[in-house]
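Asker: Sending over a structure as structure tokens; questions will come in a sec.
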Amino acid sequence: MLKKYLTSLLESVNGCSAILVYDTNKESNPIFRVGELSENETNAIKQNIGVFNSSIDRAEKLSKTGSSKTIMANYNNHQLFIFSKGTIVFIVVATSEANTGSILNLKTYLEPLVGELLTTNTLNDATSLAGSLQNTSMIANNFYNNQQQSFSQTNIRK
Amino acid sequence: MLRPSALRQLLSQGTAGTIQATILTTRSGEYLDYVLRNDLQNQSVSSSSLNQSQKNQINVKSLCAIICSVYQSYQKLSHAFADILNYVIIDCDMYRLAIRPVGNHLICICADSNTGLGILKLKINSLADSLSSILNFAIYS
């Protein structure tokens with residue numbers, strides 16, 4: 001559902017190549033990735049996600065409140081937009097011909113997603129935690145059963 | 001040859017309207033010159049204004065460090081994109097910063113948060129063009 005919404009946002013702006021959604025706490029993979037990017041570009045963004053996070057941290061030092069920040073980097077053939085709100089970071093990649101104003105306008109549509117993304121993330125965390133707890137309880141049970149068996153065997157021998 | 005008086009004049013020309021400061025730094029973060037709008041308004045030198053200017057200097061130093069590190073981060077990406085970085089704009093709740101390279105230096109415009117991005121882009125580009133002639137360096141293109 002969210003992916004559909006992001007795709008519709010992406011298609012609404014001419015020259016917009018991709019929208020990536022990252023969680024700063026989980027640096028490895030994007031939560032959502034919409035649009036087409038070349039392998040080089042994908043690798044470049046993946047490798048430099050730490051760079052984005054550190055630049056957002058530095059920009060945070062300039063602002064008094066922890067409100068949303070935007071960083072725009074203009075290259076000869078690309079435009080890179082980074083919208084940050086809380087722990088969620090939206091990265092928009094566009095061509096140099098794309099309308100900068102309409103991409104900045106996407107921010108108003110992307111920001112309401114933050115709450116939903118955070119709740120789904122915490123839900124995922126809760127389920128993974130529950131899963132890991134179940135695993136540990138199973139291991140503990142097995143361990144306990146083995147211990148009991150060995151104890152009863154030693155008793156029988158006696 | 002570097003002409004400090006001409007440099008200061010040019011930087012003060014750019015510091016008008018909603019623009020609070022114009023800073024020229026090296027790529028490693030040491031500032032060469034800066035002009036603040038408050039300094040332009042209070043030309044008379046008194047003990048209180050001296051204290052204020054010392055405080056401003058500290059702020060400018062820390063600002064330079066932030067500017068350079070952010071710029072260098074995005075410069076790294078330009079290698080990966082096989083592209084050339086023109087300028088970076090940082091939009092915070094207090095300021096809007098525009099950073100652009102001029103030869104081996106960086107020029108930064110620090111404006112109010114309600115300044116238009118278009119005017120910021122125009123100013124940084126025209127300032128970089130004029131500075132390149134003063135600094136006698138070719139702009140990276």
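As shown in the structure tokens, the chain order sets the letters A, B, ...; within each chain, residues go from 1, and ligands are also counted from 1 in the order they appear.
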Using only C-alpha atoms, determine which residues lie at most 12 Å from region 71-77 of chain B, disregarding the query and same-chain residues fewer than 3 positions distant; provide the list as a PyMOL selection string.
Answerer: (chain A and resi 40-56+58-59+71-75+78-82) or (chain B and resi 25-29+64-68+80-90+97-101+105-108)
Asker: How would the residues just picked look written out with C-alpha atoms as a short mmCIF file (atom, residue, chain, number, x, y, z; two decimals), in the first residue's frame?
Answerer:
data_model
loop_
_atom_site.label_atom_id
_atom_site.label_comp_id
_atom_site.auth_asym_id
_atom_site.auth_seq_id
_atom_site.Cartn_x
_atom_site.Cartn_y
_atom_site.Cartn_z
CA ASN A 40 26.32 2.15 -9.87
CA GLU A 41 23.86 4.61 -8.36
CA THR A 42 22.31 2.00 -6.06
CA ASN A 43 25.73 0.89 -4.83
CA ALA A 44 26.83 4.50 -4.38
CA ILE A 45 23.81 5.28 -2.20
CA LYS A 46 24.12 2.01 -0.28
CA GLN A 47 27.79 2.59 0.46
CA ASN A 48 27.29 6.23 1.40
CA ILE A 49 24.22 5.93 3.62
CA GLY A 50 26.56 6.60 6.56
CA VAL A 51 27.60 9.82 4.80
CA PHE A 52 23.97 10.97 4.62
CA ASN A 53 23.43 10.19 8.29
CA SER A 54 26.55 12.06 9.37
CA SER A 55 25.66 15.07 7.19
CA ILE A 56 22.17 15.11 8.74
CA ARG A 58 25.95 17.97 11.30
CA ALA A 59 22.96 19.87 9.89
CA ILE A 71 19.70 18.79 2.15
CA MET A 72 19.92 19.37 -1.59
CA ALA A 73 22.97 18.43 -3.61
CA ASN A 74 23.05 19.58 -7.21
CA TYR A 75 25.33 17.67 -9.59
CA HIS A 78 21.73 14.52 -10.97
CA GLN A 79 19.85 16.15 -8.16
CA LEU A 80 19.86 14.54 -4.74
CA PHE A 81 17.33 15.47 -2.05
CA ILE A 82 17.51 14.24 1.51
CA THR B 25 36.97 29.05 3.54
CA THR B 26 39.54 26.60 2.33
CA ARG B 27 38.40 23.08 1.52
CA SER B 28 39.96 21.85 4.76
CA GLY B 29 37.80 24.16 6.91
CA CYS B 64 33.21 26.48 8.65
CA ALA B 65 33.96 23.05 10.09
CA ILE B 66 30.36 21.92 9.53
CA ILE B 67 30.24 23.37 6.00
CA CYS B 68 33.46 21.66 4.93
CA ALA B 80 30.44 7.31 -7.27
CA PHE B 81 27.88 9.05 -9.49
CA ALA B 82 30.63 9.88 -12.03
CA ASP B 83 29.32 13.43 -11.91
CA ILE B 84 30.46 16.89 -10.78
CA LEU B 85 29.02 18.53 -7.68
CA ASN B 86 27.85 22.10 -8.34
CA TYR B 87 26.44 23.22 -5.01
CA VAL B 88 24.85 21.97 -1.81
CA ILE B 89 21.96 23.64 0.00
CA ILE B 90 21.23 22.80 3.64
CA LEU B 97 23.09 27.49 3.79
CA ALA B 98 24.35 27.39 0.23
CA ILE B 99 27.84 25.96 -0.36
CA ARG B 100 29.75 26.10 -3.65
CA PRO B 101 33.38 25.43 -4.57
CA HIS B 105 38.11 27.25 -1.77
CA LEU B 106 34.52 27.07 -0.65
CA ILE B 107 32.08 29.93 -0.59
CA CYS B 108 29.11 29.75 1.76
#
Asker: Step one, run DSSP on the backbone; step two, keep only residues of region 10-122 of chain A assigned to alpha helix (DSSP H); then write them as a VMD selection string.
Answerer: chain A and resid 10 to 12 39 to 47 49 to 62 100 to 110 113 to 122
Asker: What does the distance from CA of Thr115 (chain B) to CA of Ile19 (chain A) come to in Å, to one decimal?
Answerer: 26.4 Å
Asker: Write out as JSON, numbers by chain all residues of region 24-101 of chain A that backbone DSSP assigns to strand (DSSP E or B).
Answerer: {"A": [26, 32, 33, 34, 35, 69, 70, 71, 72, 73, 74, 75, 78, 79, 80, 81, 82, 83, 84, 85, 88, 89, 90, 91, 92, 93, 94, 95]}
Asker: Just the number, please: distance in Å from CA of Leu10 (chain B) to CA of Glu30 (chain B), one decimal.
Answerer: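 Atom-to-atom, CA of Leu10 (chain B) and CA of Glu30 (chain B) are spaced 19.4 Å apart.
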